[in-house]
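Asks: Quick one, protein_33.txt (compact mmCIF, C-alpha atoms):
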# COMPACT_ATOMS: atom_id res chain seq x y z
CA MET A 1205 -21.74 -27.53 -4.47
CA GLY A 1206 -23.74 -28.81 -7.41
CA HIS A 1207 -27.19 -27.92 -6.09
CA ASP A 1208 -28.23 -26.15 -9.27
CA HIS A 1209 -28.95 -27.83 -12.58
CA ASP A 1210 -26.41 -26.06 -14.76
CA PRO A 1211 -23.94 -28.44 -16.39
CA ILE A 1212 -20.94 -28.80 -14.11
CA SER A 1213 -17.71 -27.58 -15.69
CA TYR A 1214 -14.77 -29.95 -16.03
CA PRO A 1215 -12.51 -27.95 -13.64
CA ASN A 1216 -15.32 -27.98 -11.10
CA LEU A 1217 -15.74 -31.77 -11.40
CA ARG A 1218 -12.01 -32.35 -11.26
CA THR A 1219 -11.72 -30.20 -8.13
CA GLN A 1220 -14.59 -32.05 -6.48
CA ALA A 1221 -12.95 -35.37 -7.38
CA ILE A 1222 -9.68 -34.31 -5.74
CA GLU A 1223 -11.42 -32.92 -2.67
CA SER A 1224 -13.59 -36.00 -2.13
CA LEU A 1225 -10.60 -38.37 -2.50
CA LEU A 1226 -8.46 -36.36 -0.08
CA VAL A 1227 -11.27 -36.22 2.49
CA GLU A 1228 -11.87 -39.97 2.11
CA LYS A 1229 -8.17 -40.70 2.64
CA GLY A 1230 -8.02 -38.53 5.75
CA ILE A 1231 -5.51 -36.08 4.21
CA LEU A 1232 -7.52 -32.91 3.74
CA ALA A 1233 -8.87 -30.70 6.52
CA SER A 1234 -12.09 -29.18 5.14
CA ASP A 1235 -12.14 -26.52 7.86
CA ALA A 1236 -8.66 -25.37 6.85
CA VAL A 1237 -9.82 -24.95 3.24
CA ASP A 1238 -12.83 -22.89 4.38
CA ARG A 1239 -10.82 -20.66 6.66
CA VAL A 1240 -7.99 -20.01 4.20
CA VAL A 1241 -10.51 -18.97 1.56
CA SER A 1242 -12.36 -16.67 3.91
CA ALA A 1243 -9.11 -15.10 5.16
CA TYR A 1244 -8.18 -14.07 1.61
CA GLU A 1245 -11.72 -13.05 0.67
CA GLU A 1246 -12.46 -11.04 3.77
CA ASP A 1247 -9.37 -10.04 5.75
CA ILE A 1248 -6.25 -9.88 3.59
CA GLY A 1249 -6.51 -7.32 0.82
CA PRO A 1250 -5.41 -3.95 -0.58
CA LEU A 1251 -6.90 -2.00 2.33
CA ASN A 1252 -3.82 -3.17 4.24
CA GLY A 1253 -1.48 -1.69 1.65
CA ALA A 1254 -3.51 1.51 1.56
CA ARG A 1255 -2.93 1.94 5.31
CA VAL A 1256 0.81 1.59 4.75
CA VAL A 1257 0.81 4.19 1.97
CA ALA A 1258 -1.35 6.64 3.95
CA ARG A 1259 0.98 6.32 6.94
CA ALA A 1260 4.01 6.97 4.73
CA TRP A 1261 2.34 10.06 3.25
CA SER A 1262 1.51 11.37 6.73
CA ASP A 1263 4.69 10.56 8.60
CA GLY A 1264 8.07 11.28 7.01
CA ARG A 1265 9.99 9.15 9.46
CA TYR A 1266 7.69 6.19 8.81
CA LYS A 1267 8.25 6.69 5.08
CA THR A 1268 12.02 6.58 5.60
CA ARG A 1269 11.68 3.34 7.54
CA LEU A 1270 9.38 1.91 4.85
CA LEU A 1271 11.89 2.63 2.11
CA GLU A 1272 14.79 1.28 4.18
CA ASN A 1273 13.12 -1.81 5.63
CA ALA A 1274 9.65 -2.34 4.23
CA THR A 1275 9.00 -5.66 5.98
CA GLY A 1276 9.65 -4.08 9.40
CA ALA A 1277 7.71 -0.89 8.68
CA ILE A 1278 4.70 -2.86 7.41
CA ALA A 1279 4.85 -5.08 10.52
CA GLU A 1280 4.61 -1.91 12.67
CA LEU A 1281 1.01 -1.65 11.44
CA GLY A 1282 0.35 -5.28 12.40
CA ILE A 1283 0.56 -6.49 8.80
CA SER A 1284 2.65 -9.55 7.95
CA GLY A 1285 2.35 -13.00 6.47
CA MET A 1286 2.88 -15.43 3.69
CA GLN A 1287 4.28 -13.90 0.48
CA GLY A 1288 5.21 -10.75 2.39
CA GLU A 1289 8.17 -12.05 4.37
CA ASN A 1290 10.70 -10.00 2.42
CA MET A 1291 9.16 -6.76 1.22
CA VAL A 1292 10.63 -3.83 -0.70
CA ALA A 1293 8.72 -0.56 -1.20
CA LEU A 1294 9.39 1.44 -4.38
CA GLU A 1295 8.81 5.19 -4.25
CA ASN A 1296 7.29 6.99 -7.20
CA THR A 1297 8.67 10.50 -7.68
CA ALA A 1298 8.67 13.23 -10.31
CA GLU A 1299 11.69 11.48 -11.88
CA VAL A 1300 10.81 7.79 -11.46
CA HIS A 1301 7.71 5.67 -11.88
CA ASN A 1302 7.74 2.02 -10.78
CA VAL A 1303 5.65 -0.91 -11.99
CA VAL A 1304 5.69 -4.48 -10.66
CA VAL A 1305 5.27 -7.79 -12.48
CA CYS A 1306 6.11 -11.47 -12.09
CA THR A 1307 6.91 -12.73 -15.58
CA LEU A 1308 7.41 -16.35 -14.46
CA CYS A 1309 4.23 -16.86 -12.45
CA SER A 1310 2.28 -14.39 -10.35
CA CYS A 1311 4.35 -13.53 -7.27
CA TYR A 1312 2.58 -10.74 -5.43
CA PRO A 1313 2.71 -9.22 -1.92
CA TRP A 1314 -0.30 -11.00 -0.40
CA PRO A 1315 -0.33 -9.42 3.10
CA VAL A 1316 -0.57 -5.87 1.72
CA LEU A 1317 -2.50 -6.42 -1.53
CA GLY A 1318 -4.33 -9.73 -1.10
CA LEU A 1319 -4.45 -12.25 -3.94
CA PRO A 1320 -3.53 -10.85 -7.37
CA PRO A 1321 -6.19 -9.79 -9.87
CA TYR A 1322 -6.66 -11.81 -13.05
CA TRP A 1323 -4.94 -9.31 -15.35
CA TYR A 1324 -1.76 -9.38 -13.21
CA LYS A 1325 -1.59 -13.17 -13.73
CA SER A 1326 -2.41 -13.00 -17.46
CA PRO A 1327 0.17 -13.86 -20.14
CA GLU A 1328 -0.63 -10.50 -21.76
CA TYR A 1329 0.54 -8.45 -18.78
CA ARG A 1330 3.45 -10.73 -17.84
CA ALA A 1331 4.87 -10.88 -21.36
CA ARG A 1332 4.32 -7.29 -22.39
CA VAL A 1333 4.96 -5.03 -19.41
CA VAL A 1334 8.68 -5.82 -19.32
CA VAL A 1335 9.30 -4.97 -22.97
CA GLU A 1336 6.76 -2.20 -23.64
CA PRO A 1337 5.81 -0.80 -20.25
CA ARG A 1338 4.88 2.68 -21.51
CA ALA A 1339 2.54 1.19 -24.10
CA VAL A 1340 0.90 -1.15 -21.58
CA LEU A 1341 0.42 1.58 -18.99
CA ALA A 1342 -0.98 3.93 -21.65
CA GLU A 1343 -3.54 1.27 -22.62
CA LEU A 1344 -4.53 1.14 -18.97
CA GLY A 1345 -4.97 4.91 -18.94
CA LEU A 1346 -1.68 5.94 -17.38
CA GLU A 1347 0.62 8.06 -19.55
CA ILE A 1348 4.18 8.16 -18.22
CA ASP A 1349 6.11 11.12 -19.61
CA GLU A 1350 9.30 10.28 -21.52
CA SER A 1351 11.23 12.41 -19.05
CA ARG A 1352 10.39 10.02 -16.21
CA GLU A 1353 12.31 6.79 -15.90
CA LEU A 1354 9.91 3.85 -15.90
CA ARG A 1355 11.34 1.03 -13.82
CA VAL A 1356 9.90 -2.44 -14.25
CA TRP A 1357 10.44 -4.82 -11.32
CA ASP A 1358 10.23 -8.55 -12.11
CA SER A 1359 9.51 -10.47 -8.87
CA SER A 1360 11.64 -13.41 -9.93
CA ALA A 1361 13.10 -14.41 -6.54
CA GLU A 1362 11.92 -13.93 -2.94
CA ILE A 1363 11.40 -10.17 -2.70
CA ARG A 1364 7.82 -8.96 -2.97
CA TYR A 1365 7.31 -5.38 -4.09
CA MET A 1366 4.76 -2.68 -3.40
CA VAL A 1367 4.75 0.74 -5.02
CA LEU A 1368 4.47 3.86 -2.88
CA PRO A 1369 2.48 6.15 -5.20
CA GLU A 1370 2.91 9.92 -5.17
CA ARG A 1371 0.63 11.77 -2.76
CA PRO A 1372 -2.01 13.58 -4.81
CA ALA A 1373 -2.07 17.37 -4.74
CA GLY A 1374 -4.69 19.05 -2.59
CA THR A 1375 -4.61 16.47 0.19
CA ASP A 1376 -2.76 18.48 2.86
CA GLU A 1377 -5.82 18.69 5.09
CA LEU A 1378 -6.76 15.03 4.90
CA ALA A 1379 -6.41 12.65 7.83
CA GLU A 1380 -4.67 9.32 7.43
CA ASP A 1381 -7.86 7.28 7.03
CA GLN A 1382 -9.12 9.70 4.38
CA LEU A 1383 -5.79 9.42 2.55
CA ALA A 1384 -6.05 5.62 2.60
CA GLU A 1385 -9.28 5.85 0.61
CA LEU A 1386 -7.33 7.42 -2.26
CA VAL A 1387 -4.94 4.46 -2.54
CA SER A 1388 -6.11 1.86 -5.03
CA ARG A 1389 -4.72 -1.63 -5.47
CA ASP A 1390 -3.59 -0.71 -8.98
CA SER A 1391 -1.65 2.32 -7.72
CA MET A 1392 0.36 -0.01 -5.46
CA ILE A 1393 1.20 -2.27 -8.43
CA GLY A 1394 2.15 0.80 -10.46
CA VAL A 1395 -0.45 0.71 -13.24
CA ALA A 1396 -2.36 3.70 -11.86
CA GLU A 1397 -1.77 6.83 -9.80
CA ALA A 1398 -3.48 7.38 -6.46
CA ARG A 1399 -6.91 8.94 -6.79
CA THR A 1400 -7.40 12.66 -6.30
CA PRO A 1401 -10.02 13.66 -3.72
CA MET B 1364 15.61 -24.78 -22.32
CA ALA B 1365 12.82 -22.45 -21.27
CA ARG B 1366 9.36 -23.67 -20.42
CA ALA B 1367 5.89 -22.36 -21.29
CA HIS B 1368 5.63 -20.04 -18.33
CA ASP B 1369 8.83 -18.09 -19.14
CA ILE B 1370 7.12 -15.47 -21.30
CA GLY B 1371 8.68 -12.10 -20.42
CA GLY B 1372 9.03 -10.22 -23.73
CA LEU B 1373 6.97 -12.69 -25.79
CA LYS B 1374 5.37 -11.00 -28.80
CA GLY B 1375 1.90 -11.49 -30.20
CA LEU B 1376 -0.23 -11.13 -27.10
CA GLY B 1377 -3.19 -8.79 -26.99
CA PRO B 1378 -4.27 -6.00 -24.68
CA VAL B 1379 -4.25 -6.22 -20.90
CA GLU B 1380 -7.83 -6.10 -19.68
CA ILE B 1381 -8.60 -5.01 -16.14
CA GLU B 1382 -11.86 -6.42 -14.78
CA ARG B 1383 -13.63 -3.77 -12.70
CA ASP B 1384 -14.71 -4.84 -9.20
CA GLU B 1385 -13.19 -8.24 -9.75
CA PRO B 1386 -14.06 -10.78 -7.03
CA VAL B 1387 -11.18 -12.56 -5.27
CA PHE B 1388 -12.42 -15.85 -6.77
CA HIS B 1389 -14.67 -16.26 -9.80
CA SER B 1390 -16.33 -19.50 -8.72
CA GLU B 1391 -16.63 -21.94 -5.86
CA TRP B 1392 -14.23 -24.39 -7.48
CA GLU B 1393 -11.54 -21.69 -7.62
CA GLN B 1394 -12.01 -21.18 -3.89
CA ARG B 1395 -11.66 -24.90 -3.25
CA VAL B 1396 -8.57 -25.26 -5.49
CA PHE B 1397 -6.86 -22.39 -3.68
CA GLY B 1398 -7.78 -23.71 -0.23
CA ILE B 1399 -6.89 -27.34 -1.02
CA THR B 1400 -3.52 -26.21 -2.36
CA MET B 1401 -2.74 -24.17 0.74
CA ALA B 1402 -3.86 -26.99 3.01
CA THR B 1403 -1.81 -29.67 1.23
CA LEU B 1404 1.25 -27.38 1.01
CA GLY B 1405 0.73 -26.85 4.75
CA LYS B 1406 0.82 -30.61 5.28
CA GLY B 1407 4.24 -30.67 3.60
CA LEU B 1408 3.11 -32.98 0.77
CA TYR B 1409 5.15 -30.81 -1.62
CA ASN B 1410 6.92 -27.45 -1.51
CA VAL B 1411 6.27 -24.16 -3.27
CA GLU B 1412 8.96 -24.76 -5.91
CA GLN B 1413 7.40 -28.12 -6.72
CA PHE B 1414 4.04 -26.37 -6.93
CA ARG B 1415 5.49 -23.86 -9.42
CA SER B 1416 7.26 -26.57 -11.38
CA GLY B 1417 4.01 -28.49 -11.82
CA ILE B 1418 2.61 -25.46 -13.65
CA GLU B 1419 5.77 -24.93 -15.68
CA GLU B 1420 5.65 -28.53 -16.93
CA ILE B 1421 2.34 -27.87 -18.72
CA PRO B 1422 2.98 -27.88 -22.50
CA ILE B 1423 2.69 -24.43 -24.04
CA VAL B 1424 -0.61 -24.90 -25.89
CA PRO B 1425 -2.68 -26.04 -22.89
CA TYR B 1426 -0.72 -23.57 -20.71
CA MET B 1427 -1.91 -20.66 -22.83
CA GLU B 1428 -5.44 -22.03 -23.17
CA SER B 1429 -5.97 -22.69 -19.47
CA SER B 1430 -7.24 -20.24 -16.91
CA TYR B 1431 -5.05 -19.44 -13.92
CA TYR B 1432 -6.77 -21.80 -11.49
CA GLU B 1433 -7.07 -24.52 -14.14
CA ARG B 1434 -3.27 -24.53 -14.10
CA TRP B 1435 -3.43 -24.86 -10.30
CA ILE B 1436 -5.58 -28.00 -10.70
CA VAL B 1437 -2.88 -29.51 -12.92
CA THR B 1438 -0.05 -28.85 -10.49
CA LEU B 1439 -2.16 -29.93 -7.52
CA GLU B 1440 -2.79 -33.29 -9.24
CA THR B 1441 0.83 -33.62 -10.34
CA ASN B 1442 2.12 -33.02 -6.83
CA LEU B 1443 -0.45 -35.18 -5.05
CA ILE B 1444 0.36 -38.04 -7.42
CA ARG B 1445 4.13 -37.55 -6.90
CA ALA B 1446 3.58 -37.47 -3.14
CA GLY B 1447 1.93 -40.86 -3.52
CA VAL B 1448 -1.34 -39.93 -1.83
CA VAL B 1449 -3.59 -40.39 -4.85
CA SER B 1450 -3.28 -41.85 -8.36
CA GLU B 1451 -4.34 -40.38 -11.69
CA ASP B 1452 -6.65 -43.36 -12.22
CA GLU B 1453 -8.41 -42.64 -8.94
CA ILE B 1454 -8.95 -38.99 -9.88
CA ASP B 1455 -10.19 -39.97 -13.36
CA ALA B 1456 -12.59 -42.55 -11.94
CA ARG B 1457 -13.93 -40.17 -9.31
CA THR B 1458 -14.42 -37.44 -11.93
CA VAL B 1459 -16.53 -39.81 -14.06
CA GLU B 1460 -18.51 -40.90 -10.99
CA LEU B 1461 -19.26 -37.31 -10.00
CA SER B 1462 -20.27 -36.38 -13.53
CA ARG B 1463 -22.84 -39.21 -13.45
CA HIS B 1464 -24.13 -38.20 -10.03
CA PRO B 1465 -23.97 -34.43 -9.89
CA GLY B 1466 -24.63 -32.98 -6.48
CA THR B 1467 -22.81 -35.79 -4.66
CA ASP B 1468 -21.39 -34.49 -1.41
CA VAL B 1469 -17.58 -34.36 -1.42
CA GLY B 1470 -17.56 -35.19 2.29
CA ARG B 1471 -16.05 -33.33 5.16
CA ARG B 1472 -13.50 -33.82 7.92
CA GLU B 1473 -12.04 -31.32 10.36
CA GLU B 1474 -8.68 -30.88 12.04
CA ALA B 1475 -8.93 -27.98 14.45
CA GLU B 1476 -5.27 -28.05 15.49
CA PHE B 1477 -3.91 -28.14 11.92
CA CYS B 1478 -6.35 -25.41 10.98
CA GLU B 1479 -4.99 -23.09 13.69
CA MET B 1480 -1.41 -23.91 12.71
CA LEU B 1481 -2.06 -23.14 9.03
CA LEU B 1482 -3.78 -19.84 9.80
CA SER B 1483 -0.92 -18.78 12.05
CA VAL B 1484 1.60 -19.63 9.31
CA ILE B 1485 -0.39 -17.51 6.87
CA GLN B 1486 -0.35 -14.66 9.39
CA ALA B 1487 3.32 -14.97 10.28
CA GLY B 1488 4.77 -16.07 6.93
CA VAL B 1489 7.55 -18.56 6.26
CA SER B 1490 10.66 -16.88 4.93
CA PRO B 1491 13.04 -18.83 2.70
CA GLU B 1492 15.84 -16.72 4.22
CA ARG B 1493 18.78 -18.80 5.50
CA ASP B 1494 22.23 -18.17 6.94
CA VAL B 1495 25.20 -18.83 4.68
CA GLU B 1496 28.85 -18.74 5.65
CA ALA B 1497 30.33 -17.93 2.25
CA PRO B 1498 30.94 -14.22 1.56
CA ARG B 1499 29.06 -12.51 -1.26
CA ARG B 1500 30.68 -12.59 -4.67
CA PHE B 1501 29.20 -9.25 -5.75
CA GLU B 1502 28.59 -5.79 -4.35
CA SER B 1503 26.25 -2.96 -5.36
CA GLY B 1504 27.36 -1.34 -8.60
CA ASP B 1505 29.20 -4.42 -9.89
CA ARG B 1506 28.70 -5.16 -13.57
CA VAL B 1507 27.46 -8.72 -14.04
CA ILE B 1508 26.22 -11.09 -16.71
CA ALA B 1509 23.16 -13.25 -16.14
CA ALA B 1510 25.17 -16.17 -17.40
CA GLY B 1511 22.52 -18.81 -16.93
CA THR B 1512 21.62 -21.83 -14.93
CA THR B 1513 22.48 -25.47 -15.20
CA ALA B 1514 18.98 -26.49 -14.21
CA ALA B 1515 17.33 -28.92 -16.57
CA GLY B 1516 13.90 -27.95 -15.31
CA HIS B 1517 12.70 -25.43 -12.78
CA THR B 1518 14.66 -22.17 -12.57
CA ARG B 1519 13.85 -18.62 -11.54
CA LEU B 1520 16.11 -16.98 -14.11
CA PRO B 1521 13.89 -15.49 -16.84
CA ARG B 1522 15.17 -16.29 -20.31
CA TYR B 1523 14.94 -12.68 -21.49
CA VAL B 1524 17.97 -11.67 -19.40
CA ARG B 1525 20.14 -14.72 -20.09
CA GLY B 1526 23.50 -13.66 -21.43
CA LYS B 1527 22.67 -9.99 -20.80
CA GLN B 1528 24.78 -7.51 -18.84
CA GLY B 1529 23.45 -5.51 -15.94
CA VAL B 1530 24.47 -3.74 -12.74
CA VAL B 1531 23.85 -4.97 -9.19
CA ALA B 1532 21.26 -2.53 -7.83
CA ARG B 1533 20.48 -4.05 -4.44
CA LEU B 1534 21.93 -6.71 -2.16
CA ASP B 1535 19.38 -9.16 -0.80
CA LYS B 1536 19.56 -11.83 1.85
CA ALA B 1537 20.48 -15.45 1.21
CA PHE B 1538 17.50 -17.57 0.19
CA VAL B 1539 16.85 -21.25 -0.42
CA TYR B 1540 18.02 -22.20 -3.93
CA PRO B 1541 15.01 -23.20 -6.07
CA GLU B 1542 16.87 -25.47 -8.50
CA THR B 1543 17.82 -27.98 -5.82
CA ASN B 1544 14.84 -27.47 -3.52
CA VAL B 1545 12.49 -28.44 -6.34
CA GLU B 1546 14.29 -31.79 -6.68
CA GLY B 1547 14.17 -32.44 -2.95
CA ALA B 1548 17.97 -32.19 -3.17
CA GLY B 1549 18.46 -29.72 -0.34
CA GLU B 1550 18.02 -26.03 0.32
CA ASN B 1551 21.56 -24.91 -0.63
CA PRO B 1552 20.88 -21.24 0.17
CA GLU B 1553 22.69 -18.58 -1.85
CA TRP B 1554 23.01 -14.80 -1.70
CA CYS B 1555 20.48 -12.97 -3.82
CA TYR B 1556 20.72 -9.73 -5.78
CA CYS B 1557 18.52 -7.33 -7.66
CA VAL B 1558 20.13 -6.54 -11.02
CA ARG B 1559 19.23 -3.59 -13.24
CA PHE B 1560 19.26 -4.24 -16.99
CA GLU B 1561 18.93 -1.37 -19.45
CA ALA B 1562 16.12 -1.83 -21.96
CA ASP B 1563 18.33 -1.64 -25.07
CA GLU B 1564 20.68 -4.28 -23.62
CA VAL B 1565 17.79 -6.69 -23.13
CA TRP B 1566 15.53 -5.88 -26.07
CA GLY B 1567 17.92 -4.33 -28.60
CA ASP B 1568 17.32 -1.29 -30.75
CA GLY B 1569 13.77 -0.08 -30.72
CA ALA B 1570 13.30 -0.76 -27.02
CA GLU B 1571 11.32 1.84 -25.13
CA ALA B 1572 13.76 4.47 -23.85
CA GLY B 1573 14.23 4.95 -20.13
CA ALA B 1574 12.53 1.69 -19.16
CA PRO B 1575 15.08 -0.50 -17.35
CA VAL B 1576 14.03 -3.84 -15.93
CA TYR B 1577 15.08 -5.03 -12.48
CA VAL B 1578 15.37 -8.81 -12.04
CA ASP B 1579 15.98 -10.65 -8.76
CA VAL B 1580 18.51 -13.46 -9.05
CA TRP B 1581 20.39 -16.06 -7.07
CA GLU B 1582 24.18 -15.66 -7.03
CA SER B 1583 25.01 -18.68 -9.16
CA TYR B 1584 23.04 -17.20 -12.07
CA LEU B 1585 25.63 -14.40 -12.26
CA GLU B 1586 29.18 -14.04 -13.57
CA PRO B 1587 31.34 -10.91 -13.43
CA ALA B 1588 31.02 -8.87 -16.65
Kindly return the structure encoded in the file as structure tokens.
Replies:
Amino acid sequence: MGHDHDPISYPNLRTQAIESLLVEKGILASDAVDRVVSAYEEDIGPLNGARVVARAWSDGRYKTRLLENATGAIAELGISGMQGENMVALENTAEVHNVVVCTLCSCYPWPVLGLPPYWYKSPEYRARVVVEPRAVLAELGLEIDESRELRVWDSSAEIRYMVLPERPAGTDELAEDQLAELVSRDSMIGVAEARTP
Amino acid sequence: MARAHDIGGLKGLGPVEIERDEPVFHSEWEQRVFGITMATLGKGLYNVEQFRSGIEEIPIVPYMESSYYERWIVTLETNLIRAGVVSEDEIDARTVELSRHPGTDVGRREEAEFCEMLLSVIQAGVSPERDVEAPRRFESGDRVIAAGTTAAGHTRLPRYVRGKQGVVARLDKAFVYPETNVEGAGENPEWCYCVRFEADEVWGDGAEAGAPVYVDVWESYLEPA
């Protein structure tokens, strides 16, 4: 930290001040900080959620279990953890499209999607997607037909949501790991569809 | 009274901008803030509701002007000071010192056992689910009003549904009640529900058609409609 000669930003200084005081007082474990950061940078991310979606697309009975008890079905793939203790999966269909938000802060299903992107935490998304979801999704390039119900899910208590996007057409021949490559983070929040091959 | 963070439905905000190929953290200090928060939460110096409340207490102007992890710095400081492990004067003095001597090492200490414990908690999770003896007051399909909360401060009931009618869409487990847990006044678990509110009920005429909002609530927020 601080090896270059750029001016150090105030948040950076403030963070260093807190870290150095906590180390000095014997309260902070530096190795824990390092390992938590690397876990969320390297191991815990939307590739986990993509595996869940690809399994649900490939295996009808798994999909049923996912929609009935998402936490248990996700754990079948060895995925669990903090901010994913009580999961619900929301299925997109021809009649219903789902989109997830946390208007009060930035609650997000960490074990399947990792830490949330900046836009998900922004006041713009949190304030607007509940009241004008069609307009917000259209701005992001996703037009939801008036004939489809657009359900907005505000993660205001302890449930964490992931969207099960529709399986794209023309993917009948694809294996599960190929299907997983079509599943973007944004499609599991509900602001995009899965990619087509 | 709603606080700065309670912004569902607020008008006047601009477009949502998605950053392509966004990194998990945008700078080293964001990494440290995240890690320090997880490590001090893991030490039990404060709980997650107290962490949230420390952000919600930020006045609205600085709240809106701050970046996400700048708000984390504020709540980290607030909670460390309340826990009695550091004072604001100490943080101020150390900040000045570091600004005069950039590049000063922040120091390092390791706790292998705590580190393993924290990583296993992250892997396993810590559910706020609890057993309660009282039966549920509501069932799926019941019409309810999000009557409100008596909390003076931290609550998880968004203001945009207060006083609005909806229908119970899903029954959830009983979870620790945030309003008392934030005060250190006990877990007092309650049954939770997911309630569906129609857009015109919440937003009035001119709401987007066919765009209901589902809000997760603790039982005491609800009254029968």
Asks: Kindly indicate which residue among A:Glu1299, A:Asp1358, A:Glu1228, A:Glu1336 lies nearest to Cys1311 in chain A, using all atoms listed in the file for the distances.
Replies: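 Ranking A:Glu1299, A:Asp1358, A:Glu1228, A:Glu1336 by distance to Cys1311 in chain A, first place goes to A:Asp1358.
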Asks: Quick one: residues within 12 Å of Ser1262 in chain A, only C-alpha atoms counted, chain neighbours fewer than 6 positions away excluded, as a ChimeraX atom specification?
Replies: /A:1255-1256,1268,1371,1375-1384
Asks: Do a neighbour search on Gln1413 in chain B at 9 Å with all atoms listed in the file, toss out local chain neighbours closer than 5 positions, and write the hits as number ranges by chain.
Replies: B: 1418, 1438, 1442, 1517, 1544-1547
Asks: One decimal, in Å: what's the spacing between CA of Pro1425 in chain B and CA of Glu1393 in chain B?
Replies: 18.2 Å
Asks: Write out as a ChimeraX atom specification which residues come within 10 Å of Asp1235 in chain A when counting all atoms listed in the file, dropping same-chain ones fewer than 3 positions away.
Replies: /A:1232,1238-1241 /B:1398,1402,1471-1475,1477-1479
Asks: To one decimal place in Å, what is the distance between CA of Phe1397 in chain B and CA of Ala1293 in chain A?
Replies: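 For CA of Phe1397 in chain B relative to CA of Ala1293 in chain A, the distance reads 26.9 Å.
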Asks: Looking at only C-alpha atoms, which of B:Leu1585, B:Ala1574, B:Val1507, B:Ala1515 is the one that sits closest to chain A?
Replies: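 Looking at the shortest contact to chain A, the residue is B:Ala1574.
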Asks: Write out as a PyMOL selection string the residues lying within 8 Å of Ile1348 in chain A, counting all atoms listed in the file and excluding same-chain residues fewer than 4 positions away.
Replies: chain A and resi 1301+1338+1341-1342+1352+1354
Asks: Using only C-alpha atoms, which protein or nucleic acid residues come within 12 Å of range 1459-1462 of chain B? Drop anything in the same chain fewer than 4 positions from it, and give the result as an NGL selection string.
Replies: (:A and (1205-1206 or 1211-1225)) or (:B and (1452-1455 or 1466-1469))
Asks: Residues proximal to (0.0, -8.0, 0.7) were defined as those with any atom within 9 Å of that point in the file's coordinates, counting only C-alpha atoms. Which are they, as a list in words?
Replies: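 Every polymer residue passing the test: Ile1248, Gly1249, Pro1250, Asn1252, Gly1253, Ile1283, Ser1284, Gly1285, Met1286, Gln1287, Gly1288, Tyr1312, Pro1313, Trp1314, Pro1315, Val1316, Leu1317, Gly1318, Leu1319, Arg1364 and Met1366 of chain A.
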Asks: Mind giving me the straight-line distance from CA of Cys1309 in chain A to CA of Arg1415 in chain B in Å, one decimal?
Replies: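 Interatomic distance, CA of Cys1309 in chain A to CA of Arg1415 in chain B: 7.7 Å.
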Asks: Which is closer to Val1531 in chain B than all the others in B:Val1484, B:Ala1562, B:Ala1588, B:Ala1572, using only C-alpha atoms?
Replies: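 For Val1531 in chain B, the nearest of the given residues is B:Ala1588.
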